Structures are given as structure tokens and as C-alpha cells.
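Next comes start-v3.csv, a file with CSV, C-alpha atoms.
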```csv
chain,number,residue,atom,x,y,z
A,1,MET,CA,7.1,34.6,-0.5
A,2,SER,CA,3.8,35.7,1.0
A,3,LYS,CA,2.8,34.8,4.5
A,4,PRO,CA,0.3,31.9,4.6
A,5,LYS,CA,-3.2,32.6,5.8
A,6,GLY,CA,-4.4,31.1,9.0
A,7,PHE,CA,-6.6,28.5,7.3
A,8,GLU,CA,-3.9,27.4,4.7
A,9,LYS,CA,-1.8,24.3,4.9
A,10,PRO,CA,1.3,23.1,3.0
A,11,VAL,CA,0.9,21.7,-0.5
A,12,GLY,CA,0.4,17.9,-0.6
A,13,VAL,CA,-1.1,17.5,2.9
A,14,ARG,CA,-4.8,17.3,3.8
A,15,ASP,CA,-7.4,17.5,6.5
A,16,TYR,CA,-9.6,14.5,7.2
A,17,VAL,CA,-13.1,15.5,8.2
A,18,PRO,CA,-15.1,13.1,10.4
A,19,TYR,CA,-16.8,11.1,7.6
A,20,ALA,CA,-13.4,10.6,5.8
A,21,VAL,CA,-11.8,9.5,9.1
A,22,ASP,CA,-14.7,7.0,9.7
A,23,LYS,CA,-14.1,5.5,6.3
A,24,LEU,CA,-10.3,5.5,6.7
A,25,ARG,CA,-10.5,3.7,10.1
A,26,ALA,CA,-13.0,1.2,8.7
A,27,ILE,CA,-10.6,0.3,5.9
A,28,GLU,CA,-7.7,0.1,8.4
A,29,ARG,CA,-9.6,-2.0,10.9
A,30,ASN,CA,-11.0,-4.4,8.3
A,31,VAL,CA,-7.7,-4.9,6.5
A,32,LEU,CA,-5.6,-5.4,9.7
A,33,ASP,CA,-8.1,-7.9,11.0
A,34,CYS,CA,-7.8,-9.8,7.7
A,35,MET,CA,-4.0,-9.7,7.9
A,36,SER,CA,-4.2,-10.9,11.6
A,37,ARG,CA,-6.2,-13.9,10.5
A,38,TRP,CA,-3.3,-14.9,8.2
A,39,GLY,CA,-0.9,-14.8,11.1
A,40,TYR,CA,0.6,-11.3,10.7
A,41,ARG,CA,1.3,-9.3,13.8
A,42,GLN,CA,1.1,-5.5,13.8
A,43,ILE,CA,4.2,-3.4,14.1
A,44,MET,CA,4.7,0.4,14.6
A,45,THR,CA,7.9,2.3,13.9
A,46,PRO,CA,8.9,6.0,14.4
A,47,THR,CA,7.8,8.7,12.0
A,48,MET,CA,11.4,10.0,11.9
A,49,GLU,CA,14.5,7.9,11.0
A,50,PHE,CA,18.2,8.5,10.5
A,51,TYR,CA,18.9,9.5,6.9
A,52,GLU,CA,22.2,7.5,6.9
A,53,THR,CA,20.4,4.3,7.7
A,54,VAL,CA,16.7,4.0,6.8
A,55,GLY,CA,16.8,7.0,4.4
A,56,VAL,CA,19.6,5.6,2.4
A,57,ALA,CA,18.2,2.1,2.4
A,58,SER,CA,14.7,3.3,1.3
A,59,SER,CA,13.5,2.7,-2.3
A,60,THR,CA,12.6,6.4,-2.5
A,61,SER,CA,14.9,8.6,-4.5
A,62,ASP,CA,16.9,11.1,-2.4
A,63,GLN,CA,15.2,14.1,-3.8
A,64,LYS,CA,11.8,12.8,-2.7
A,65,LEU,CA,12.8,12.4,1.0
A,66,PHE,CA,11.7,14.9,3.6
A,67,LYS,CA,14.9,15.8,5.4
A,68,LEU,CA,15.4,17.7,8.7
A,69,LEU,CA,18.1,18.3,11.2
A,70,ASN,CA,17.9,17.5,14.9
A,71,ASN,CA,19.4,19.7,17.6
A,72,ARG,CA,22.7,17.9,17.2
A,73,GLY,CA,22.9,18.6,13.5
A,74,THR,CA,22.2,15.0,12.5
A,75,THR,CA,20.1,14.5,9.3
A,76,LEU,CA,16.8,12.8,9.8
A,77,VAL,CA,14.1,11.8,7.3
A,78,LEU,CA,10.4,11.4,7.6
A,79,ARG,CA,9.7,7.7,6.7
A,80,SER,CA,8.9,7.4,3.0
A,81,ASP,CA,7.8,3.8,3.2
A,82,MET,CA,7.5,1.1,5.9
A,83,THR,CA,9.6,-1.6,4.4
A,84,ALA,CA,13.0,-0.1,5.3
A,85,PRO,CA,12.0,0.7,8.9
A,86,ILE,CA,10.7,-2.8,9.4
A,87,ALA,CA,13.9,-4.2,7.9
A,88,ARG,CA,15.8,-2.2,10.6
A,89,VAL,CA,13.6,-3.7,13.4
A,90,VAL,CA,13.8,-7.2,12.1
A,91,SER,CA,17.6,-6.9,12.0
A,92,SER,CA,17.8,-5.6,15.5
A,93,LEU,CA,14.9,-6.0,18.0
A,94,LEU,CA,13.7,-9.1,16.3
A,95,LYS,CA,17.0,-10.7,15.3
A,96,GLU,CA,16.5,-13.6,17.8
A,97,GLU,CA,13.0,-14.3,16.6
A,98,PRO,CA,12.8,-17.5,14.5
A,99,LEU,CA,12.1,-17.2,10.8
A,100,PRO,CA,9.8,-16.7,9.0
A,101,ILE,CA,8.5,-13.5,10.6
A,102,ARG,CA,5.1,-12.1,9.5
A,103,LEU,CA,4.4,-8.4,10.3
A,104,SER,CA,1.6,-6.0,9.3
A,105,TYR,CA,1.2,-2.2,9.6
A,106,HIS,CA,-0.9,0.8,8.9
A,107,ALA,CA,1.0,4.1,8.9
A,108,ASN,CA,1.4,7.5,7.3
A,109,VAL,CA,4.4,8.0,5.1
A,110,PHE,CA,5.9,11.1,3.5
A,111,ARG,CA,7.3,11.8,0.0
A,112,ALA,CA,8.3,15.2,-1.4
A,113,PHE,CA,6.8,15.8,-4.8
A,114,GLU,CA,6.7,18.9,-7.0
A,115,GLU,CA,3.4,20.6,-7.0
A,116,GLU,CA,1.7,18.0,-9.2
A,117,ALA,CA,-2.0,17.4,-9.3
A,118,GLY,CA,-3.1,14.4,-7.3
A,119,ARG,CA,0.3,13.8,-5.7
A,120,GLU,CA,0.2,13.7,-1.9
A,121,ALA,CA,3.2,14.4,0.3
A,122,GLU,CA,1.6,12.6,3.3
A,123,PHE,CA,-0.5,9.5,2.7
A,124,PHE,CA,-1.4,6.1,4.3
A,125,GLN,CA,-0.2,2.6,3.6
A,126,THR,CA,-1.5,-0.7,5.0
A,127,GLY,CA,0.6,-3.7,4.3
A,128,VAL,CA,2.6,-6.7,5.3
A,129,GLU,CA,6.2,-8.0,5.2
A,130,LEU,CA,7.0,-11.8,5.2
A,131,VAL,CA,10.7,-12.1,6.1
A,132,GLY,CA,12.8,-15.3,5.9
A,133,ASP,CA,11.1,-17.3,3.2
A,134,ASP,CA,12.4,-17.3,-0.4
A,135,SER,CA,9.9,-19.9,-1.7
A,136,PRO,CA,7.2,-19.6,-4.4
A,137,GLU,CA,4.8,-20.4,-1.5
A,138,ALA,CA,5.8,-17.2,0.3
A,139,ASP,CA,5.4,-15.1,-2.8
A,140,ALA,CA,2.0,-16.6,-3.5
A,141,GLU,CA,0.9,-16.0,0.1
A,142,VAL,CA,1.5,-12.3,-0.1
A,143,VAL,CA,-0.3,-12.1,-3.5
A,144,ALA,CA,-3.3,-14.1,-2.1
A,145,LEU,CA,-3.3,-12.0,1.1
A,146,ALA,CA,-3.2,-8.8,-1.1
A,147,ILE,CA,-6.3,-10.1,-2.8
A,148,GLU,CA,-8.1,-10.8,0.4
A,149,SER,CA,-7.0,-7.4,1.8
A,150,LEU,CA,-8.4,-5.5,-1.2
A,151,LYS,CA,-11.7,-7.3,-0.6
A,152,ALA,CA,-11.6,-6.4,3.1
A,153,ALA,CA,-11.0,-2.8,2.1
A,154,GLY,CA,-14.2,-2.9,0.1
A,155,VAL,CA,-12.6,-3.0,-3.4
A,156,ALA,CA,-15.1,-5.2,-5.3
A,157,SER,CA,-13.6,-5.4,-8.7
A,158,PHE,CA,-9.8,-5.5,-9.3
A,159,LYS,CA,-7.0,-7.3,-11.1
A,160,ILE,CA,-3.5,-8.2,-10.0
A,161,ALA,CA,-0.7,-7.9,-12.6
A,162,MET,CA,2.3,-10.1,-11.7
A,163,GLY,CA,5.8,-10.0,-13.2
A,164,HIS,CA,9.4,-10.9,-12.4
A,165,VAL,CA,12.4,-8.6,-12.4
A,166,GLY,CA,14.8,-11.6,-13.0
A,167,PHE,CA,13.1,-12.6,-16.2
A,168,LEU,CA,13.6,-9.1,-17.7
A,169,ASN,CA,17.2,-8.9,-16.4
A,170,GLY,CA,18.0,-12.2,-18.0
A,171,LEU,CA,16.3,-11.4,-21.3
A,172,PHE,CA,17.9,-8.0,-21.6
A,173,GLU,CA,21.4,-9.4,-20.8
A,174,GLU,CA,20.9,-12.0,-23.5
A,175,ALA,CA,19.7,-9.5,-26.1
A,176,LEU,CA,21.8,-6.5,-25.0
A,177,SER,CA,24.8,-8.1,-23.3
A,178,GLY,CA,27.2,-5.5,-21.7
A,179,ARG,CA,24.9,-2.6,-22.8
A,180,GLY,CA,23.8,-1.5,-19.3
A,181,ASN,CA,22.7,2.0,-20.1
A,182,GLU,CA,20.5,0.9,-23.0
A,183,GLN,CA,19.0,-1.8,-20.7
A,184,GLN,CA,18.2,0.7,-18.1
A,185,ALA,CA,16.6,3.1,-20.6
A,186,LEU,CA,14.3,0.3,-21.8
A,187,LYS,CA,13.4,-0.7,-18.3
A,188,LYS,CA,12.5,2.9,-17.6
A,189,HIS,CA,10.0,2.9,-20.4
A,190,LEU,CA,8.4,-0.3,-19.0
A,191,LEU,CA,8.3,1.2,-15.5
A,192,ASP,CA,6.5,4.2,-16.9
A,193,ARG,CA,4.1,2.0,-19.0
A,194,ASP,CA,5.4,3.9,-22.0
A,195,TYR,CA,5.1,1.2,-24.6
A,196,VAL,CA,5.3,3.6,-27.6
A,197,GLY,CA,8.5,5.0,-26.2
A,198,PHE,CA,9.7,1.4,-25.6
A,199,ARG,CA,9.1,0.4,-29.2
A,200,LYS,CA,10.8,3.6,-30.5
A,201,ALA,CA,13.8,3.0,-28.2
A,202,ILE,CA,14.2,-0.5,-29.7
A,203,GLY,CA,14.0,0.9,-33.2
A,204,ASP,CA,16.9,3.3,-32.4
A,205,LEU,CA,19.1,0.5,-31.1
A,206,ALA,CA,21.9,-1.1,-33.1
A,207,VAL,CA,20.6,-4.7,-32.9
A,208,ASN,CA,19.9,-7.4,-35.5
A,209,ASP,CA,16.4,-8.6,-36.4
A,210,GLU,CA,16.5,-11.5,-34.0
A,211,GLN,CA,17.4,-9.3,-31.0
A,212,ARG,CA,14.7,-6.8,-32.0
A,213,GLU,CA,12.1,-9.6,-32.2
A,214,VAL,CA,13.1,-10.8,-28.7
A,215,LEU,CA,12.9,-7.3,-27.2
A,216,GLU,CA,9.5,-6.5,-28.9
A,217,GLY,CA,8.2,-9.9,-27.8
A,218,ILE,CA,8.2,-8.7,-24.2
A,219,LEU,CA,5.1,-6.6,-24.9
A,220,ARG,CA,3.2,-9.8,-25.8
A,221,LEU,CA,3.8,-11.5,-22.5
A,222,ARG,CA,0.5,-10.7,-20.8
A,223,GLY,CA,-2.1,-13.3,-19.9
A,224,ASN,CA,-2.7,-16.4,-17.9
A,225,LYS,CA,-0.7,-19.5,-17.3
A,226,GLU,CA,0.1,-19.9,-21.0
A,227,ILE,CA,2.5,-17.0,-20.7
A,228,CYS,CA,4.9,-19.3,-18.8
A,229,ASP,CA,5.5,-21.4,-22.0
A,230,GLN,CA,5.7,-18.3,-24.2
A,231,ALA,CA,8.3,-16.6,-21.9
A,232,SER,CA,10.4,-19.8,-21.7
A,233,GLU,CA,10.6,-19.8,-25.5
A,234,LEU,CA,11.5,-16.2,-25.8
A,235,SER,CA,14.7,-16.3,-23.7
A,236,SER,CA,17.1,-19.1,-23.0
A,237,HIS,CA,19.2,-17.1,-20.5
A,238,PRO,CA,19.6,-19.1,-17.2
A,239,LEU,CA,18.3,-16.2,-15.1
A,240,ALA,CA,15.3,-15.7,-17.3
A,241,GLN,CA,14.5,-19.4,-17.3
A,242,ALA,CA,14.9,-19.7,-13.5
A,243,SER,CA,12.7,-16.6,-13.0
A,244,ILE,CA,9.8,-17.7,-15.2
A,245,SER,CA,10.0,-21.2,-13.5
A,246,HIS,CA,9.6,-19.5,-10.1
A,247,LEU,CA,6.7,-17.3,-11.3
A,248,CYS,CA,4.9,-20.3,-12.7
A,249,LYS,CA,5.2,-22.1,-9.4
A,250,VAL,CA,3.7,-19.0,-7.7
A,251,TRP,CA,0.8,-19.3,-10.2
A,252,GLU,CA,0.2,-22.9,-9.3
A,253,VAL,CA,0.0,-22.0,-5.6
A,254,LEU,CA,-2.4,-19.2,-6.4
A,255,GLU,CA,-4.6,-21.7,-8.3
A,256,ALA,CA,-4.6,-23.8,-5.1
A,257,TYR,CA,-5.7,-20.8,-3.1
A,258,GLY,CA,-8.5,-20.4,-5.6
A,259,VAL,CA,-7.7,-16.8,-6.4
A,260,SER,CA,-5.9,-17.1,-9.8
A,261,GLU,CA,-9.0,-15.6,-11.5
A,262,HIS,CA,-7.9,-12.2,-10.0
A,263,VAL,CA,-4.3,-12.5,-11.4
A,264,LEU,CA,-2.7,-12.1,-14.8
A,265,ILE,CA,1.0,-12.6,-15.6
A,266,ASP,CA,2.4,-9.4,-17.1
A,267,LEU,CA,6.1,-9.6,-17.7
A,268,THR,CA,6.3,-5.9,-18.7
A,269,MET,CA,5.5,-5.1,-15.1
A,270,ILE,CA,8.7,-4.7,-13.1
A,271,GLY,CA,7.9,-2.3,-10.3
A,272,ASP,CA,10.8,-0.2,-9.1
A,273,PHE,CA,13.6,-2.2,-10.7
A,274,SER,CA,16.2,-0.7,-8.3
A,275,TYR,CA,14.4,-2.1,-5.3
A,276,TYR,CA,12.8,-5.5,-6.2
A,277,THR,CA,14.8,-8.6,-6.9
A,278,GLY,CA,12.2,-11.1,-8.0
A,279,MET,CA,8.4,-11.4,-8.3
A,280,THR,CA,6.6,-8.1,-8.4
A,281,PHE,CA,2.9,-7.2,-8.6
A,282,GLU,CA,0.4,-4.4,-8.8
A,283,GLY,CA,-3.3,-4.3,-8.1
A,284,TYR,CA,-5.7,-2.2,-10.2
A,285,ALA,CA,-9.3,-1.4,-9.2
A,286,ALA,CA,-12.0,-1.2,-11.9
A,287,GLU,CA,-12.9,2.4,-10.8
A,288,LEU,CA,-9.3,3.7,-11.0
A,289,GLY,CA,-6.6,3.9,-13.7
A,290,PHE,CA,-3.7,3.6,-11.3
A,291,PRO,CA,-2.6,1.0,-8.8
A,292,VAL,CA,-4.3,0.5,-5.4
A,293,CYS,CA,-1.6,-1.9,-4.1
A,294,SER,CA,1.9,-3.0,-5.0
A,295,GLY,CA,4.5,-5.4,-3.7
A,296,GLY,CA,7.1,-8.0,-4.5
A,297,ARG,CA,10.3,-9.6,-3.4
A,298,TYR,CA,13.3,-7.6,-2.1
A,299,ASN,CA,16.0,-10.0,-1.0
A,300,ASN,CA,18.8,-7.5,-0.7
A,301,LEU,CA,17.4,-4.9,1.7
A,302,LEU,CA,17.9,-6.5,5.1
A,303,ARG,CA,21.6,-7.1,4.2
A,304,GLN,CA,22.0,-3.3,4.5
A,305,PHE,CA,21.0,-3.7,8.2
A,306,GLY,CA,23.3,-6.6,8.9
A,307,ARG,CA,20.9,-9.5,8.5
A,308,ASP,CA,21.1,-11.3,5.1
A,309,VAL,CA,17.6,-12.9,4.8
A,310,PRO,CA,15.1,-12.8,2.0
A,311,ALA,CA,11.8,-10.9,2.2
A,312,THR,CA,8.6,-10.2,0.3
A,313,GLY,CA,5.5,-8.1,1.0
A,314,PHE,CA,3.0,-5.5,-0.3
A,315,ALA,CA,1.3,-2.3,0.6
A,316,LEU,CA,-2.2,-1.1,-0.1
A,317,LYS,CA,-2.4,2.5,-1.2
A,318,THR,CA,-5.0,3.3,1.3
A,319,ASN,CA,-5.6,6.9,0.3
A,320,ARG,CA,-6.4,5.9,-3.3
A,321,ILE,CA,-8.9,3.3,-1.9
A,322,LEU,CA,-10.4,6.0,0.4
A,323,ASP,CA,-10.8,8.5,-2.3
A,324,GLY,CA,-11.5,6.5,-5.5
A,325,VAL,CA,-13.3,3.4,-4.5
A,326,LYS,CA,-16.8,3.2,-3.1
A,327,GLY,CA,-16.1,0.2,-1.0
A,328,ALA,CA,-18.1,-1.5,1.7
A,329,VAL,CA,-17.9,1.1,4.4
A,330,ASP,CA,-20.2,0.9,7.4
A,331,GLU,CA,-23.3,3.1,7.2
A,332,GLU,CA,-22.9,6.3,9.1
A,333,LYS,CA,-24.4,5.9,12.5
A,334,HIS,CA,-25.9,9.0,14.2
A,335,PRO,CA,-25.7,9.4,18.0
A,336,VAL,CA,-28.7,9.3,20.3
A,337,LEU,CA,-29.5,12.7,21.9
A,338,ILE,CA,-30.4,12.6,25.6
A,339,ARG,CA,-32.0,15.9,26.7
A,340,TYR,CA,-32.7,16.6,30.4
A,341,THR,CA,-33.7,19.4,32.7
A,342,SER,CA,-31.6,20.3,35.7
A,343,ALA,CA,-34.1,18.5,37.9
A,344,GLN,CA,-33.7,15.3,35.8
A,345,ARG,CA,-29.9,15.6,35.2
A,346,ARG,CA,-29.1,12.4,37.2
A,347,GLU,CA,-31.7,10.3,35.3
A,348,GLY,CA,-30.6,11.7,31.9
A,349,LEU,CA,-26.9,11.0,32.5
A,350,ALA,CA,-27.6,7.6,33.8
A,351,ARG,CA,-29.5,6.7,30.6
A,352,ALA,CA,-26.6,8.1,28.5
A,353,ALA,CA,-24.2,5.8,30.4
A,354,GLU,CA,-26.5,2.8,29.9
A,355,LEU,CA,-26.6,3.4,26.2
A,356,ARG,CA,-22.9,3.9,25.9
A,357,GLU,CA,-22.3,0.6,27.8
A,358,GLN,CA,-24.4,-1.0,25.0
A,359,GLY,CA,-22.0,0.5,22.4
A,360,ARG,CA,-24.2,3.4,21.2
A,361,ALA,CA,-22.8,6.9,20.7
A,362,VAL,CA,-24.7,9.4,22.9
A,363,VAL,CA,-24.8,13.2,23.0
A,364,THR,CA,-26.3,15.0,26.1
A,365,LEU,CA,-28.0,18.4,26.3
A,366,LEU,CA,-29.2,20.4,29.2
A,367,ILE,CA,-32.7,21.9,28.5
A,368,GLN,CA,-32.4,25.5,29.4
A,369,GLN,CA,-36.0,26.4,28.8
A,370,GLU,CA,-39.2,24.4,28.9
A,371,SER,CA,-39.9,25.1,25.2
A,372,GLU,CA,-36.8,23.4,24.1
A,373,SER,CA,-38.2,20.0,25.1
A,374,LEU,CA,-40.7,20.4,22.2
A,375,ASN,CA,-38.1,20.9,19.5
A,376,LYS,CA,-37.9,18.1,16.9
A,377,PRO,CA,-34.5,16.5,16.3
A,378,ASP,CA,-32.7,17.2,13.0
A,379,GLY,CA,-30.7,14.7,10.9
A,380,MET,CA,-27.8,14.8,13.3
A,381,TYR,CA,-29.3,12.3,15.7
A,382,ASP,CA,-30.7,8.8,15.4
A,383,ARG,CA,-33.4,9.5,18.0
A,384,VAL,CA,-34.0,11.8,21.0
A,385,GLU,CA,-34.9,10.8,24.6
A,386,THR,CA,-36.1,13.6,26.9
A,387,PHE,CA,-36.0,13.7,30.7
A,388,SER,CA,-38.1,16.6,32.0
```

Since I need it in another form, could you write the structure as C-alpha cells?
Amino acid sequence: MSKPKGFEKPVGVRDYVPYAVDKLRAIERNVLDCMSRWGYRQIMTPTMEFYETVGVASSTSDQKLFKLLNNRGTTLVLRSDMTAPIARVVSSLLKEEPLPIRLSYHANVFRAFEEEAGREAEFFQTGVELVGDDSPEADAEVVALAIESLKAAGVASFKIAMGHVGFLNGLFEEALSGRGNEQQALKKHLLDRDYVGFRKAIGDLAVNDEQREVLEGILRLRGNKEICDQASELSSHPLAQASISHLCKVWEVLEAYGVSEHVLIDLTMIGDFSYYTGMTFEGYAAELGFPVCSGGRYNNLLRQFGRDVPATGFALKTNRILDGVKGAVDEEKHPVLIRYTSAQRREGLARAAELREQGRAVVTLLIQQESESLNKPDGMYDRVETFS
């Protein structure tokens, strides 16, 4: 292995030049302000956590965790998401706080990928967790807030696809009872959006025509409120019926919020099926072919930290918004240049202080030679004031 050059950095991490930082901070500020107006308070957690607690509880597969040893030989991980660390805090430092608890965050997270194009090992997420409310109102709140957060981030055109893990679990159990491995294989195709592979896998199954029709019918369950009735007719399993009833109540609340135009029901969309327990959703921007936000209900996670309460939430994929969406970012503001001679130093610095008090960015420059006072400013500065 060759020694890295001085300007090289590890695969999957990046440098943020000033303009990119300005855009990132604008997204962060606008989205967190939006979340604050909905009653969500910001939380910060450590970059490193114990592998045996947060690492194990995380939805991230073990091979994608960054692991390291501390000086005592204990295995640590770099946080791979914010949901598990927040679950730890809610179950300990906030255990006496009345429910529901609304928390927001903006943080960098880490996941170890192979050297694949476009996959970042360190990236930013901005999101919320709503802990202690299992109602359709709570699920609808996080979807509606995700919509408002995308707008605040400058994403002008997007669609939210909303599904329910319970509906698929019930339908699969009805059609493929006791065939867990085959159910998981079909779910994996849906998770990967591999509908061709899904149909082929159904064709390879030893099922009757009625079972095959039910399984293939999943692919038609995409649309608006009418999908509720279609899904209810497709499966009579109690879990599937309860799940679609819950999802339709979520839709009704979204209609009351006035945001249902941004949402479609997609019962092929299940998120990470090992993590979510109920409603799940993803947001897609018109400019991009992959999600810019994702979320859903995860009622079993806090139980691993000793507090058995339900929770739901979402995260914006901030880097994707930063890189792939034009957005409504503030116009770049150039600083004012204050130039002064040594004889007028006090006056020049006083003027700089005055402008900074007014919120302007100011750069100062000592004029070494009289001819410098005649130089014209370049595009770096909004204007130049000279004291000579």
C-alpha cells in the first residue's frame, strides 16, 4: 500500500469549500428553524458511542459500522445515524420528561461503504424524533413536517411515497404462511425497488393462482386515497387490515394539514424492514432519482435501552439536497473592504467596527504605498472605503 500524498484524504470523505459551507449552513439553519416552530427542540449527541449499546441497536448493518478501540480495549463506533443515540438519551437523561417528547438534530454520521461511486462515508442528516405517541396524528405530523422541512431546505418540487410495513407483513403471512425465507426474499426485492426480480421470484414460488395474484397485486398499490380500499380488498389478514386502516387515518390528517397533494400511498415502499414497525415514507426531489428524506415508525427501538415507548421520525439527506438540488440559498454576500493608511488606522478600524455592528462582513487592509489607494476593487468585495 502506497503512502498517501499530503493533499489526499480517505475515500468517502470530502472537504467543504466556503461556498458549500454557506449553502450547508443555510439549509441547516432554515430547516432547524422550521422544526423549532413545530415545537421540536434541538439535541446533540457524541460522535462516538459504545458498539455494544448504540452500535448494536442501530439500523445499520454491522459491516457498515466504523469501529475503533479506546485505550481500555472497548469497542466504539462512529454514530451511523441519530435515531439510536437519541433513543439512548430519551431512555436515560430524559426519562423523567413527560411524553410526548419532540427532538430535532443536525449532525454528521458515518457509514463504511465499499469504494462505490457516489457513496459517502461521512455525511449530514437533519431530522426529528417524536417519542411517546403511537397515533395516526403523530405519524401524519412527521410527514407534514418533512414536507415543510423540504420546502425550508429549498426543495421546490418533490413527492412523498408513504407505505406501511405491517400491511406487507400481514399480506405475506396470509399468502406465504410459515415461509419466512421466501417472504424475506420478496421484501428484499421491494426494498431494492427491483420489481422485475420481484415478479420473477413470485414466478419461481410454489403457490397457487390465487396466491400469485395476491402477491403480484402489491405492485398495483400506488396512488392516492383510493389505494386504501384496494388494499383492504387484497388482504383480509388482521394485521394487514389494521395497518391499512392506520395508514388511511394518517392520510385523512394530511388532508387536514393541506399537504396531501405532495403524498402518494405506495405499499411497495417498506424502508428498512428490519428497523421500521409501521408507517414508512421517502421523499423524492424532481431533480434527483434517489430519496432526499426518509422516515417512519420504529416502536421497538427504545425497548433496547429500557424504555418501552413508541416513536416516529424522519431525516433529511442533507448532502443530497446540498449537491443535487438548486434550492433557495441566500445570494452570496461579499464583504466590504476598508483600506487605511497608518495615519488613518484608528478611523478605518472604527468604521469597520461600525459596519460589523450593522451585520456586515468587513475586511481591513493597511495601505503600504500611496499608489495602492488608487487600485480598483475586484469581485471579492461589495464595495471599498478608503481612509488616507

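From CA of Gly313 (chain A) back to CA of Glu129 (chain A), the distance works out to 4.3 Å.
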
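CA of Ala201 (chain A) to CA of Ser294 (chain A) spans 26.8 Å [interatomic distance, one decimal].
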
Excluding same-chain residues fewer than 2 positions from Glu28 (chain A), what lies within 9 Å of it counting all atoms listed in the file, as number ranges by chain? A: 23-26, 30-33, 106, 126, 153, 318

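Separating CA of Leu168 (chain A) from CA of Ala240 (chain A) is a distance of 6.8 Å.
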
Counting only C-alpha atoms, what is within 10 Å of region 193-198 of chain A, bar same-chain residues fewer than 3 positions away, as JSON, numbers by chain? {"A": [185, 186, 187, 188, 189, 190, 201, 202, 203, 215, 216, 219, 268, 269]}

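Excluding Gly289 (chain A) and any residue on its chain fewer than 2 positions from it, the residues at most 12 Å away by only C-alpha atoms are A:Phe158, A:Lys159, A:Glu282, A:Gly283, A:Tyr284, A:Ala285, A:Ala286, A:Glu287, A:Pro291, A:Val292, A:Arg320, A:Gly324, A:Val325.
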
Go through region 274-333 of chain A residue by residue and, counting only C-alpha atoms, keep those with an atom at most 12 Å from region 84-97 of chain A; for each kept residue give the shortest atom pair and its distance in Å to one decimal, ordered by chain and increasing number, as a Markdown table.
```
| residue | atom | partner | partner_atom | distance |
| --- | --- | --- | --- | --- |
| A:Tyr275 | CA | A:Ala84 | CA | 10.9 |
| A:Tyr298 | CA | A:Ala84 | CA | 10.5 |
| A:Asn299 | CA | A:Ala87 | CA | 10.8 |
| A:Asn300 | CA | A:Ala87 | CA | 10.4 |
| A:Leu301 | CA | A:Ala87 | CA | 7.2 |
| A:Leu302 | CA | A:Ala87 | CA | 5.4 |
| A:Arg303 | CA | A:Ser91 | CA | 8.8 |
| A:Gln304 | CA | A:Arg88 | CA | 8.8 |
| A:Phe305 | CA | A:Arg88 | CA | 5.9 |
| A:Gly306 | CA | A:Ser91 | CA | 6.5 |
| A:Arg307 | CA | A:Ser91 | CA | 5.5 |
| A:Asp308 | CA | A:Ser91 | CA | 8.9 |
| A:Val309 | CA | A:Ser91 | CA | 9.4 |
| A:Pro310 | CA | A:Ala87 | CA | 10.5 |
| A:Ala311 | CA | A:Ala87 | CA | 9.0 |
| A:Thr312 | CA | A:Ala87 | CA | 11.0 |
| A:Gly313 | CA | A:Ile86 | CA | 11.2 |
```

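The shell of residues at most 9 Å from Ser149 (chain A), with all atoms listed in the file counted and near chain neighbours (fewer than 5 positions) removed, consists of Asn30, Val31, Leu32, Cys34, Met35, Gly127, Ala144, Gly154, Val155 and Leu316 of chain A.
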
Can you write out the residues you just picked, keeping C-alpha atoms, as a CSV table (one decimal), in the coordinates of the input?
```csv
chain,number,residue,atom,x,y,z
A,30,ASN,CA,-11.0,-4.4,8.3
A,31,VAL,CA,-7.7,-4.9,6.5
A,32,LEU,CA,-5.6,-5.4,9.7
A,34,CYS,CA,-7.8,-9.8,7.7
A,35,MET,CA,-4.0,-9.7,7.9
A,127,GLY,CA,0.6,-3.7,4.3
A,144,ALA,CA,-3.3,-14.1,-2.1
A,154,GLY,CA,-14.2,-2.9,0.1
A,155,VAL,CA,-12.6,-3.0,-3.4
A,316,LEU,CA,-2.2,-1.1,-0.1
```

Residues at most 10 Å from Met48 (chain A), counting all atoms listed in the file, excluding those fewer than 4 positions away in the same chain, as a PyMOL selection string? chain A and resi 54-55+66-68+76-80+85+109

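Closest approach to Leu99 (chain A) among A:Asp134, A:Pro18, A:Glu261, A:Asp62 is made by A:Asp134 (distances from all atoms listed in the file).
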
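Using all atoms listed in the file, the smallest distance between any of A:Ile101, A:Leu130, A:Ile367, A:Leu247 and Thr341 (chain A) comes from A:Ile367.
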
Using only C-alpha atoms for the distances, tell me which of A:Leu267, A:Ser177, A:Asp209, A:Glu252 is nearest to Ala231 (chain A). A:Leu267
